[in-house]
$ cat start_7.txt   # compact mmCIF, C-alpha atoms and all ligand atoms
# COMPACT_ATOMS: atom_id res chain seq x y z
CA MET A 1 -25.06 -34.45 45.58
CA ALA A 2 -22.09 -36.67 44.68
CA LEU A 3 -22.18 -38.57 41.37
CA PRO A 4 -22.25 -42.38 41.43
CA LYS A 5 -18.77 -43.83 40.96
CA ASP A 6 -19.33 -45.24 37.43
CA LYS A 7 -20.82 -41.95 36.16
CA TYR A 8 -17.93 -40.01 37.67
CA LEU A 9 -15.48 -42.28 35.84
CA LYS A 10 -17.40 -41.84 32.56
CA TYR A 11 -17.35 -38.04 32.82
CA THR A 12 -13.64 -37.97 33.72
CA LEU A 13 -12.79 -40.18 30.75
CA PHE A 14 -14.94 -38.04 28.47
CA TYR A 15 -13.13 -34.86 29.55
CA ILE A 16 -9.66 -36.40 29.21
CA LEU A 17 -10.59 -37.56 25.71
CA ARG A 18 -11.87 -34.10 24.78
CA ILE A 19 -8.68 -32.41 26.01
CA LEU A 20 -6.57 -34.93 24.09
CA MET A 21 -8.64 -34.40 20.95
CA MET A 22 -8.31 -30.64 21.23
CA LYS A 23 -4.58 -30.96 21.82
CA TYR A 24 -3.97 -33.18 18.81
CA ALA A 25 -6.75 -32.04 16.46
CA ARG A 26 -5.35 -30.50 13.35
CA ALA A 27 -5.95 -26.78 12.92
CA PRO A 28 -8.03 -25.70 9.89
CA ASN A 29 -6.17 -25.54 6.58
CA PRO A 30 -4.15 -22.29 6.62
CA PHE A 31 -3.74 -22.24 2.82
CA ASN A 32 -6.53 -20.81 0.73
CA PRO A 33 -5.61 -20.25 -2.90
CA ARG A 34 -8.98 -18.74 -3.72
CA ILE A 35 -8.69 -15.63 -1.59
CA PRO A 36 -6.04 -12.91 -1.57
CA SER A 37 -3.63 -12.86 1.32
CA HIS A 38 -4.44 -10.80 4.41
CA PRO A 39 -1.85 -8.01 4.92
CA ASP A 40 -0.70 -9.75 8.15
CA GLY A 41 0.23 -12.90 6.25
CA PHE A 42 1.70 -11.09 3.26
CA ILE A 43 5.10 -12.45 2.21
CA GLY A 44 8.02 -10.90 0.34
CA ARG A 45 7.79 -8.35 -2.49
CA GLU A 46 10.15 -6.04 -0.59
CA ASN A 47 11.29 -4.10 -3.68
CA GLU A 48 7.80 -3.69 -5.06
CA LEU A 49 6.46 -2.52 -1.69
CA SER A 50 9.22 0.00 -1.38
CA GLU A 51 8.40 1.29 -4.90
CA PHE A 52 4.79 1.67 -3.82
CA SER A 53 5.88 3.48 -0.66
CA ASN A 54 8.05 5.85 -2.69
CA CYS A 55 5.16 6.69 -5.00
CA LEU A 56 2.87 7.15 -2.02
CA ASN A 57 5.43 9.42 -0.40
CA SER A 58 5.63 11.57 -3.51
CA THR A 59 1.84 11.77 -3.61
CA ILE A 60 1.64 12.79 0.02
CA HIS A 61 4.20 15.51 -0.67
CA SER A 62 2.05 16.85 -3.51
CA SER A 63 3.91 15.31 -6.39
CA THR A 64 1.28 12.76 -7.34
CA MET A 65 2.29 9.39 -8.73
CA SER A 66 0.01 6.73 -10.11
CA MET A 67 0.78 3.08 -10.65
CA ALA A 68 -0.25 0.01 -12.63
CA ILE A 69 0.30 -3.32 -10.86
CA VAL A 70 0.48 -5.96 -13.55
CA GLY A 71 1.05 -9.68 -13.67
CA ASN A 72 -0.35 -13.01 -14.68
CA ARG A 73 -3.43 -14.65 -13.17
CA GLY A 74 -2.82 -15.64 -9.57
CA ILE A 75 0.54 -13.87 -9.31
CA GLY A 76 -0.64 -11.95 -6.23
CA LYS A 77 -2.01 -8.64 -7.54
CA SER A 78 -5.02 -8.48 -5.21
CA SER A 79 -2.86 -9.53 -2.24
CA PHE A 80 -0.40 -6.79 -3.13
CA LEU A 81 -3.18 -4.20 -3.35
CA ALA A 82 -4.54 -5.28 0.04
CA LYS A 83 -1.08 -4.83 1.54
CA CYS A 84 -0.68 -1.39 -0.10
CA ASP A 85 -4.14 -0.44 1.17
CA TYR A 86 -2.99 -1.27 4.70
CA LEU A 87 0.29 0.69 4.25
CA ALA A 88 -1.52 3.74 2.87
CA LYS A 89 -4.03 3.73 5.74
CA ASN A 90 -1.09 3.62 8.14
CA ARG A 91 0.14 6.81 6.49
CA ASN A 92 -3.23 8.41 7.27
CA CYS A 93 -4.55 8.27 3.73
CA ILE A 94 -8.16 7.77 2.75
CA VAL A 95 -8.14 4.58 0.71
CA ILE A 96 -10.85 3.24 -1.52
CA ARG A 97 -10.28 -0.17 -3.07
CA PHE A 98 -12.65 -2.02 -5.33
CA SER A 99 -12.74 -4.39 -8.24
CA SER A 100 -13.93 -3.29 -11.68
CA ILE A 101 -15.86 -6.54 -11.91
CA GLU A 102 -17.87 -5.79 -8.77
CA GLY A 103 -18.45 -2.25 -10.14
CA GLY A 104 -19.86 -3.66 -13.39
CA PHE A 105 -18.88 -0.55 -15.39
CA GLU A 106 -19.83 -0.25 -18.99
CA SER A 107 -18.98 3.37 -19.51
CA ILE A 108 -16.78 6.18 -18.26
CA GLU A 109 -19.81 7.78 -16.56
CA ASP A 110 -20.41 4.57 -14.59
CA LEU A 111 -16.80 4.57 -13.46
CA CYS A 112 -16.85 8.22 -12.34
CA SER A 113 -20.08 7.73 -10.39
CA TYR A 114 -18.76 4.55 -8.79
CA ILE A 115 -15.52 6.24 -7.64
CA LEU A 116 -17.48 9.12 -6.12
CA VAL A 117 -19.89 6.74 -4.34
CA GLN A 118 -16.94 4.81 -2.92
CA ILE A 119 -15.31 8.02 -1.68
CA GLN A 120 -18.63 9.06 -0.17
CA ASN A 121 -18.89 5.73 1.70
CA GLU A 122 -15.36 6.04 3.01
CA VAL A 123 -15.84 9.66 4.06
CA THR A 124 -19.07 8.70 5.88
CA LYS A 125 -17.26 5.90 7.68
CA ARG A 126 -14.46 8.26 8.68
CA SER A 127 -16.96 10.89 9.86
CA LYS A 128 -18.68 8.31 12.08
CA LEU A 129 -15.35 7.24 13.52
CA ALA A 130 -14.49 10.92 14.08
CA LEU A 131 -11.44 10.50 11.86
CA LEU A 132 -12.25 13.73 10.01
CA LYS A 133 -11.88 17.23 11.42
CA LYS A 134 -15.15 19.01 12.27
CA SER A 135 -14.84 21.43 9.35
CA ALA A 136 -14.61 18.47 6.95
CA ILE A 137 -17.57 16.70 8.57
CA ASP A 138 -19.65 19.88 8.26
CA PHE A 139 -18.64 20.32 4.64
CA PHE A 140 -19.60 16.77 3.65
CA LYS A 141 -23.01 17.10 5.29
CA THR A 142 -24.11 19.21 2.34
CA PHE A 143 -21.71 18.10 -0.38
CA ASN A 144 -23.33 16.49 -3.40
CA PHE A 145 -21.18 13.59 -4.57
CA LYS A 146 -23.22 13.06 -7.71
CA ILE A 147 -22.09 14.39 -11.04
CA SER A 148 -25.07 16.23 -12.36
CA TYR A 149 -24.26 16.19 -16.07
CA LYS A 150 -27.50 14.36 -16.80
CA GLU A 151 -29.43 17.39 -15.54
CA PHE A 152 -27.80 19.42 -18.31
CA GLY A 153 -28.90 16.84 -20.81
CA ILE A 154 -25.37 15.88 -21.81
CA GLU A 155 -24.80 12.45 -23.30
CA VAL A 156 -21.20 11.40 -22.91
CA LYS A 157 -20.63 10.07 -26.37
CA THR A 158 -18.57 12.68 -28.17
CA LYS A 159 -15.07 13.88 -27.32
CA ALA A 160 -16.43 17.32 -26.38
CA SER A 161 -18.93 15.88 -23.90
CA GLN A 162 -16.20 13.65 -22.51
CA SER A 163 -14.14 16.70 -21.72
CA ILE A 164 -17.14 18.24 -19.92
CA LEU A 165 -17.44 15.08 -17.84
CA GLN A 166 -13.71 15.30 -17.17
CA SER A 167 -14.08 18.82 -15.77
CA LEU A 168 -17.12 17.92 -13.67
CA PHE A 169 -15.44 14.85 -12.22
CA ARG A 170 -12.18 16.69 -11.56
CA GLU A 171 -13.96 19.59 -9.87
CA LYS A 172 -15.72 17.18 -7.50
CA LEU A 173 -12.48 15.42 -6.65
CA SER A 174 -10.69 18.71 -6.21
CA GLU A 175 -13.36 19.98 -3.82
CA ILE A 176 -13.23 16.72 -1.88
CA TRP A 177 -9.47 17.09 -1.51
CA LYS A 178 -9.68 20.73 -0.41
CA ASN A 179 -12.03 19.71 2.37
CA THR A 180 -10.25 16.58 3.54
CA SER A 181 -6.61 17.69 3.26
CA ASN A 182 -6.62 18.87 6.87
CA SER A 183 -7.82 15.40 8.01
CA CYS A 184 -5.69 13.06 5.89
CA SER A 185 -2.43 13.02 3.98
CA GLY A 186 -3.71 11.75 0.65
CA ILE A 187 -6.52 9.95 -1.16
CA VAL A 188 -5.60 6.63 -2.75
CA ILE A 189 -7.94 5.00 -5.25
CA MET A 190 -7.16 1.35 -5.95
CA ILE A 191 -8.95 -0.43 -8.78
CA ASP A 192 -8.46 -4.18 -9.06
CA GLU A 193 -9.27 -6.26 -12.17
CA ALA A 194 -8.76 -3.04 -14.12
CA GLU A 195 -8.62 -4.89 -17.45
CA VAL A 196 -12.37 -4.20 -17.50
CA ILE A 197 -11.60 -0.47 -17.57
CA GLU A 198 -8.94 -0.98 -20.21
CA LYS A 199 -11.67 -2.33 -22.49
CA ILE A 200 -13.84 0.81 -22.18
CA PRO A 201 -12.71 3.00 -25.09
CA GLY A 202 -10.91 6.10 -23.87
CA ALA A 203 -11.28 5.29 -20.16
CA LEU A 204 -7.58 5.05 -19.30
CA MET A 205 -6.76 8.30 -21.09
CA PHE A 206 -9.73 9.88 -19.33
CA LEU A 207 -8.41 8.83 -15.91
CA ARG A 208 -4.92 9.98 -16.83
CA GLU A 209 -6.22 13.41 -17.83
CA VAL A 210 -8.28 13.85 -14.68
CA PHE A 211 -5.64 12.67 -12.23
CA SER A 212 -2.67 14.39 -13.86
CA ARG A 213 -4.58 17.71 -13.77
CA LEU A 214 -5.41 17.07 -10.10
CA GLY A 215 -1.69 16.51 -9.53
CA GLU A 216 -0.86 19.80 -11.23
CA GLU A 217 -3.11 21.63 -8.81
CA LYS A 218 -1.43 19.81 -5.88
CA SER A 219 -4.37 17.63 -4.88
CA SER A 220 -2.79 14.52 -3.35
CA TYR A 221 -4.59 11.79 -5.27
CA MET A 222 -2.96 8.52 -6.17
CA LEU A 223 -4.53 6.10 -8.59
CA VAL A 224 -3.44 2.45 -8.53
CA LEU A 225 -4.76 0.14 -11.24
CA SER A 226 -4.17 -3.55 -11.01
CA GLY A 227 -4.92 -6.44 -13.31
CA LYS A 228 -3.84 -8.31 -16.37
CA LEU A 229 -3.34 -4.99 -18.07
CA ALA A 230 -2.02 -5.07 -21.59
CA PHE A 231 -0.98 -1.45 -22.02
CA PRO A 232 2.33 -1.45 -20.12
CA GLN A 233 3.60 -4.37 -22.19
CA GLN A 234 2.27 -3.15 -25.49
CA MET A 235 3.62 0.32 -24.95
CA SER A 236 6.78 -0.27 -22.99
CA GLU A 237 8.92 0.13 -26.08
CA LYS A 238 7.20 3.33 -27.09
CA PHE A 239 7.29 6.56 -25.16
CA SER A 240 3.75 6.04 -24.03
CA PRO A 241 1.92 8.70 -22.04
CA LEU A 242 -0.11 5.98 -20.33
CA ALA A 243 2.87 3.87 -19.26
CA ARG A 244 4.59 7.06 -18.08
CA PHE A 245 1.59 8.17 -16.05
CA PHE A 246 0.76 4.77 -14.55
CA HIS A 247 4.21 3.72 -13.43
CA PRO A 248 4.08 -0.03 -14.29
CA LEU A 249 5.11 -2.50 -11.64
CA GLU A 250 5.21 -6.14 -12.71
CA LEU A 251 4.87 -8.91 -10.15
CA HIS A 252 6.88 -12.08 -10.72
CA ASN A 253 7.00 -15.56 -9.23
CA PHE A 254 8.33 -16.00 -5.69
CA THR A 255 11.98 -16.78 -5.08
CA LYS A 256 12.86 -20.03 -3.31
CA GLN A 257 13.20 -18.11 -0.03
CA GLU A 258 9.84 -16.37 -0.43
CA SER A 259 8.10 -19.68 -1.19
CA ALA A 260 9.63 -21.28 1.91
CA LEU A 261 8.67 -18.28 4.02
CA LEU A 262 5.08 -18.42 2.78
CA ILE A 263 4.70 -22.13 3.60
CA ARG A 264 6.33 -21.87 7.03
CA THR A 265 4.54 -18.66 8.02
CA LYS A 266 1.14 -20.14 7.21
CA LEU A 267 1.95 -23.38 9.03
CA LYS A 268 2.86 -21.45 12.19
CA SER A 269 -0.81 -21.24 13.15
CA THR A 270 -1.01 -25.06 13.06
CA LYS A 271 0.89 -27.88 14.69
CA VAL A 272 2.01 -29.12 11.29
CA LYS A 273 5.58 -28.70 10.07
CA ALA A 274 7.13 -29.12 6.63
CA ASP A 275 10.55 -30.61 6.04
CA ASP A 276 13.10 -28.80 3.85
CA LYS A 277 12.87 -31.26 0.97
CA THR A 278 9.09 -30.94 0.74
CA VAL A 279 9.27 -27.15 0.86
CA ALA A 280 11.86 -27.21 -1.94
CA LYS A 281 9.68 -29.61 -3.94
CA ILE A 282 6.60 -27.38 -3.61
CA HIS A 283 8.64 -24.41 -4.81
CA GLU A 284 10.12 -26.34 -7.70
CA GLU A 285 6.78 -27.76 -8.92
CA SER A 286 4.92 -24.49 -8.48
CA GLU A 287 7.82 -22.48 -9.97
CA GLY A 288 7.12 -20.06 -7.13
CA HIS A 289 3.83 -19.02 -8.72
CA PRO A 290 1.81 -17.81 -5.68
CA TYR A 291 -1.53 -19.31 -6.67
CA VAL A 292 -0.06 -22.67 -7.76
CA LEU A 293 2.14 -22.78 -4.65
CA THR A 294 -0.77 -22.05 -2.31
CA ALA A 295 -2.96 -24.59 -4.13
CA ILE A 296 -0.33 -27.35 -3.81
CA ALA A 297 0.17 -26.60 -0.12
CA TYR A 298 -3.61 -26.54 0.37
CA VAL A 299 -4.13 -29.98 -1.19
CA LEU A 300 -1.14 -31.39 0.67
CA TYR A 301 -2.38 -30.16 4.04
CA GLU A 302 -5.93 -31.24 3.33
CA ASN A 303 -4.83 -34.81 2.56
CA LEU A 304 -2.30 -35.26 5.33
CA PRO A 305 -3.13 -38.63 6.94
CA GLU A 306 -4.62 -38.46 10.41
CA GLY A 307 -1.94 -38.59 13.08
CA ASP A 308 0.78 -37.14 10.80
CA TYR A 309 2.09 -33.70 11.66
CA GLU A 310 4.77 -33.15 9.07
CA LEU A 311 4.43 -32.53 5.33
CA LEU A 312 6.84 -34.99 3.73
CA LEU A 313 7.83 -36.00 0.21
CA LYS A 314 5.99 -39.31 0.57
CA HIS A 315 2.75 -37.38 1.15
CA TYR A 316 3.49 -35.21 -1.86
CA ASP A 317 4.03 -38.21 -4.11
CA ALA A 318 0.88 -39.91 -2.84
CA ILE A 319 -1.40 -36.97 -3.63
CA LYS A 320 0.16 -35.74 -6.88
CA PRO A 321 -2.93 -36.67 -8.95
CA LYS A 322 -5.14 -34.76 -6.51
CA ILE A 323 -2.96 -31.66 -6.94
CA GLY A 324 -3.31 -32.03 -10.70
CA ASN A 325 -7.10 -32.32 -10.43
CA TYR A 326 -7.36 -29.27 -8.19
CA LEU A 327 -5.25 -27.08 -10.47
CA ASN A 328 -6.93 -28.31 -13.63
CA THR A 329 -10.44 -27.65 -12.36
CA ASP A 330 -9.81 -24.46 -10.46
CA TYR A 331 -7.29 -22.74 -12.70
CA PHE A 332 -5.91 -24.27 -15.92
CA GLY A 333 -9.24 -25.62 -17.19
CA ILE A 334 -10.93 -22.23 -16.72
CA MET A 335 -8.17 -20.49 -18.68
CA TYR A 336 -8.07 -23.07 -21.44
CA ARG A 337 -11.82 -23.33 -21.99
CA LYS A 338 -12.03 -19.59 -22.70
CA LEU A 339 -9.79 -19.97 -25.76
CA SER A 340 -11.00 -20.18 -29.35
CA PRO A 341 -10.41 -23.47 -31.25
CA THR A 342 -7.59 -21.83 -33.26
CA THR A 343 -5.70 -20.51 -30.23
CA LYS A 344 -6.15 -23.91 -28.51
CA LEU A 345 -4.50 -25.57 -31.52
CA LEU A 346 -1.69 -23.07 -31.44
CA LEU A 347 -1.14 -23.68 -27.74
CA LYS A 348 -1.14 -27.44 -28.29
CA TYR A 349 1.52 -27.04 -30.94
CA ILE A 350 3.66 -24.98 -28.52
CA ALA A 351 3.12 -27.58 -25.76
CA HIS A 352 4.32 -30.31 -28.13
CA GLN A 353 7.43 -28.26 -28.86
CA GLY A 354 8.32 -28.38 -25.14
CA GLY A 355 6.45 -25.23 -24.19
CA LYS A 356 8.84 -22.67 -25.69
CA VAL A 357 8.94 -21.37 -29.27
CA THR A 358 9.94 -18.40 -31.37
CA PHE A 359 7.44 -16.39 -33.37
CA ALA A 360 9.18 -17.41 -36.60
CA GLU A 361 8.81 -21.11 -35.69
CA ILE A 362 5.06 -20.66 -35.12
CA CYS A 363 4.59 -18.92 -38.50
CA LYS A 364 6.54 -21.69 -40.22
CA ALA A 365 4.60 -24.48 -38.51
CA VAL A 366 1.12 -23.08 -39.18
CA LYS A 367 2.11 -21.91 -42.67
CA LYS A 368 0.43 -18.56 -42.13
CA PRO A 369 1.79 -15.04 -42.59
CA LYS A 370 3.00 -12.96 -39.64
CA GLY A 371 -0.05 -10.71 -39.84
CA THR A 372 -2.40 -13.67 -39.20
CA VAL A 373 -0.34 -15.27 -36.41
CA SER A 374 0.51 -12.08 -34.51
CA PRO A 375 -3.04 -11.32 -33.21
CA LEU A 376 -3.40 -14.93 -32.01
CA VAL A 377 -0.13 -14.80 -30.08
CA THR A 378 -1.08 -11.39 -28.62
CA GLN A 379 -4.42 -12.86 -27.53
CA LEU A 380 -2.65 -15.75 -25.77
CA VAL A 381 -0.26 -13.36 -24.01
CA GLU A 382 -3.05 -11.03 -22.89
CA GLN A 383 -5.12 -13.95 -21.67
CA GLY A 384 -2.16 -15.28 -19.68
CA SER A 385 -1.50 -18.62 -21.39
CA LEU A 386 1.76 -17.44 -22.96
CA VAL A 387 4.50 -15.19 -21.61
CA LYS A 388 7.00 -13.32 -23.72
CA ILE A 389 10.42 -14.23 -22.38
CA GLU A 390 12.48 -12.22 -24.83
CA ARG A 391 11.98 -10.50 -28.16
CA GLY A 392 10.14 -12.93 -30.44
CA THR A 393 10.25 -15.86 -27.99
CA TYR A 394 7.24 -17.17 -26.09
CA LYS A 395 6.70 -19.72 -23.35
CA ILE A 396 3.64 -21.43 -21.89
CA PHE A 397 3.27 -19.63 -18.57
CA HIS A 398 3.60 -22.71 -16.34
CA ASN A 399 4.98 -26.19 -16.82
CA LEU A 400 1.95 -27.78 -15.11
CA TYR A 401 -0.33 -25.87 -17.51
CA LYS A 402 1.72 -27.27 -20.39
CA GLU A 403 1.15 -30.79 -19.02
CA TYR A 404 -2.56 -30.06 -18.73
CA ILE A 405 -2.71 -28.89 -22.37
CA LEU A 406 -0.94 -32.04 -23.53
CA THR A 407 -3.45 -34.28 -21.79
CA THR A 408 -6.65 -32.44 -22.55
CA GLU A 409 -8.93 -32.31 -25.60
N1 LIG A 501 2.69 -11.89 -1.13
C1 LIG A 501 1.90 -12.91 -0.80
N2 LIG A 501 1.97 -13.46 0.44
C2 LIG A 501 1.19 -14.51 0.76
N3 LIG A 501 0.32 -15.10 -0.08
C3 LIG A 501 0.23 -14.60 -1.32
C4 LIG A 501 1.00 -13.48 -1.74
N4 LIG A 501 0.70 -13.23 -3.03
C5 LIG A 501 -0.23 -14.11 -3.38
N5 LIG A 501 -0.52 -14.95 -2.38
C6 LIG A 501 -1.48 -16.06 -2.43
O1 LIG A 501 -1.57 -16.50 -3.79
C7 LIG A 501 -2.93 -16.67 -4.19
C8 LIG A 501 -3.24 -15.77 -5.39
O2 LIG A 501 -3.13 -14.42 -4.98
P1 LIG A 501 -4.06 -13.24 -5.51
O3 LIG A 501 -5.49 -13.61 -5.45
O4 LIG A 501 -3.65 -12.01 -4.81
O5 LIG A 501 -3.59 -13.19 -7.04
P2 LIG A 501 -4.16 -12.30 -8.22
O6 LIG A 501 -3.01 -11.94 -9.08
O7 LIG A 501 -4.98 -11.19 -7.70
O8 LIG A 501 -5.07 -13.36 -8.97
P3 LIG A 501 -6.16 -13.07 -10.11
O9 LIG A 501 -5.36 -12.80 -11.35
O10 LIG A 501 -6.94 -14.35 -10.20
O11 LIG A 501 -6.99 -11.91 -9.68
C9 LIG A 501 -3.76 -16.41 -2.96
O12 LIG A 501 -4.01 -17.61 -2.32
C10 LIG A 501 -2.89 -15.56 -2.07
O13 LIG A 501 -3.18 -15.80 -0.72
MG MG A 502 -6.99 -10.70 -8.08

$ encode --input "start_7.txt" --output "structure tokens"
Amino acid sequence: MALPKDKYLKYTLFYILRILMMKYARAPNPFNPRIPSHPDGFIGRENELSEFSNCLNSTIHSSTMSMAIVGNRGIGKSSFLAKCDYLAKNRNCIVIRFSSIEGGFESIEDLCSYILVQIQNEVTKRSKLALLKKSAIDFFKTFNFKISYKEFGIEVKTKASQSILQSLFREKLSEIWKNTSNSCSGIVIMIDEAEVIEKIPGALMFLREVFSRLGEEKSSYMLVLSGKLAFPQQMSEKFSPLARFFHPLELHNFTKQESALLIRTKLKSTKVKADDKTVAKIHEESEGHPYVLTAIAYVLYENLPEGDYELLLKHYDAIKPKIGNYLNTDYFGIMYRKLSPTTKLLLKYIAHQGGKVTFAEICKAVKKPKGTVSPLVTQLVEQGSLVKIERGTYKIFHNLYKEYILTTE
């Protein structure tokens, strides 16, 4: 039955309008500072990735290498791990990746159990996908992933009991490797937010012992820790066994080219473009810091007036306060509020000095001896508010953070 003429016209108009709306509707915001980058959208870090690949290669060829990925908050550690996870899987490795925070470890025993449970989950997944050879699948059907030290009544408190736990844990891992080595080329364990582990007394040395012994017996395990780890920095000047075992790799801010690539790659999925001046401005203001850069781009895209399809300097200028609000609430405020009143005062003093000071200047200003000032400065460096730029010289980690400190209580 034919539609009446007026209804036909109404439907046609409705459809034309819908097509036009779909054509010109803006795609969802491609920038999300709160989540790590997907490996497909991962930008730059060519040298660091090739260092990871070299270490992975050594591990696969039975000369195990472990790494520590370090860097300030938001510098891209989790994104880097996700990319390395993807690369290692492409090399036919079994990869387990988790965050120490999600693991909630309080002791070395917790950590060992958690690693074994994660391997068990991954092995089960691989068995279901028939990614393991039949002999391996049969072996794991009866393999007990649990460490049964509790059955022997051992409490892991003393050094002696810790070494028993070390042997039990290593034996499990060794057996796992023997039975998976015909199905994969290596087992990579990636632990994000590993500063939690650093705080468990003896845990890093424990891991080093276990994994270096596994390496000696040619089990292809690679351990990658990532986080705001203090040990590589504290020990870099010494001949530290930890820094030697966990080859430290520090992530830095993006270069101008990397920043531009990030913005343009993300915008590709939308109809929005960014002109060169705006891209340069975002890089300059963010200093190429991945989180700050992504946050600025996010706010800019979110506030682009309807009907505009190009990020321009005029938009940037118009929403500058909104960028400030976003960064202060989501990032700087969280960092700053965690500080003690004394470290806040110290940071305020440094901000008033232009953001950069020497250790001697701080001691002179606060009229306190080196021994009192040093732990406070160390605390600020470990927490991420300060960075050491050269021997005895410190800088507030970001200019926008400095501005926040100057304007906050
Ligand atoms: N190489 C990269 N390519 C694309 N985006 C990146 C890259 N590195 C970081 N980012 C972006 O920067 C932001 C922060 O990255 P990420 O969460 O990985 O940092 P992080 O160092 O793990 O932070 P945190 O210290 O809070 O754990 C995210 O929005 C992420 O998408
Ligand atoms: Mg992270």

$ atom_distance --input "start_7.txt" --atom1 "atom CA of A:Leu347" --atom2 "atom CA of A:Leu376"
10.0 Å

$ closest_residue --input "start_7.txt" --among "A:Glu284, A:Glu216, A:Glu409, A:Asp192" --to "A:Gly103" --atoms "all atoms listed in the file"
A:Asp192

$ residues_near_point --input "start_7.txt" --point "(8.7, -16.1, 2.2)" --cutoff "12 Å" --atoms "only C-alpha atoms" --output "PyMOL selection string"
chain A and resi 41-46+253-266+279+283+288+290+293

$ write_last_selection --input "start_7.txt" --atoms "C-alpha atoms" --output "tab-separated table (two decimals), in the frame of the given file"
chain	number	residue	atom	x	y	z
A	41	GLY	CA	0.23	-12.90	6.25
A	42	PHE	CA	1.70	-11.09	3.26
A	43	ILE	CA	5.10	-12.45	2.21
A	44	GLY	CA	8.02	-10.90	0.34
A	45	ARG	CA	7.79	-8.35	-2.49
A	46	GLU	CA	10.15	-6.04	-0.59
A	253	ASN	CA	7.00	-15.56	-9.23
A	254	PHE	CA	8.33	-16.00	-5.69
A	255	THR	CA	11.98	-16.78	-5.08
A	256	LYS	CA	12.86	-20.03	-3.31
A	257	GLN	CA	13.20	-18.11	-0.03
A	258	GLU	CA	9.84	-16.37	-0.43
A	259	SER	CA	8.10	-19.68	-1.19
A	260	ALA	CA	9.63	-21.28	1.91
A	261	LEU	CA	8.67	-18.28	4.02
A	262	LEU	CA	5.08	-18.42	2.78
A	263	ILE	CA	4.70	-22.13	3.60
A	264	ARG	CA	6.33	-21.87	7.03
A	265	THR	CA	4.54	-18.66	8.02
A	266	LYS	CA	1.14	-20.14	7.21
A	279	VAL	CA	9.27	-27.15	0.86
A	283	HIS	CA	8.64	-24.41	-4.81
A	288	GLY	CA	7.12	-20.06	-7.13
A	290	PRO	CA	1.81	-17.81	-5.68
A	293	LEU	CA	2.14	-22.78	-4.65

$ residues_around --input "start_7.txt" --residues "A:Val210" --least-positions-apart "5" --cutoff "9 Å" --atoms "all atoms listed in the file" --output "number ranges by chain"
A: 166-167, 169-170, 205, 215

$ closest_atom_pairs --input "start_7.txt" --of "chain A" --to "ligand MG 502 (chain A)" --cutoff "9 Å" --atoms "only C-alpha atoms and all ligand atoms" --output "Markdown table"
| residue | atom | partner | partner_atom | distance |
| --- | --- | --- | --- | --- |
| A:Ile35 | CA | A:MG502 | MG | 8.3 |
| A:Pro36 | CA | A:MG502 | MG | 6.9 |
| A:Arg73 | CA | A:MG502 | MG | 7.4 |
| A:Gly74 | CA | A:MG502 | MG | 6.6 |
| A:Ile75 | CA | A:MG502 | MG | 8.3 |
| A:Gly76 | CA | A:MG502 | MG | 6.7 |
| A:Lys77 | CA | A:MG502 | MG | 5.4 |
| A:Ser78 | CA | A:MG502 | MG | 4.1 |
| A:Ser79 | CA | A:MG502 | MG | 7.2 |
| A:Leu81 | CA | A:MG502 | MG | 8.9 |
| A:Ser99 | CA | A:MG502 | MG | 8.5 |
| A:Asp192 | CA | A:MG502 | MG | 6.8 |
| A:Glu193 | CA | A:MG502 | MG | 6.5 |
| A:Ser226 | CA | A:MG502 | MG | 8.2 |
| A:Gly227 | CA | A:MG502 | MG | 7.1 |

$ residues_around --input "start_7.txt" --residues "A:Met67" --least-positions-apart "6" --cutoff "9 Å" --atoms "only C-alpha atoms" --output "ChimeraX atom specification"
/A:52,55,222-226,243,245-249

$ atom_distance --input "start_7.txt" --atom1 "atom CA of A:Lys356" --atom2 "atom C2 of ligand LIG 501 (chain A)"
28.7 Å

$ atom_distance --input "start_7.txt" --atom1 "atom CA of A:Pro232" --atom2 "atom C10 of ligand LIG 501 (chain A)"
23.5 Å
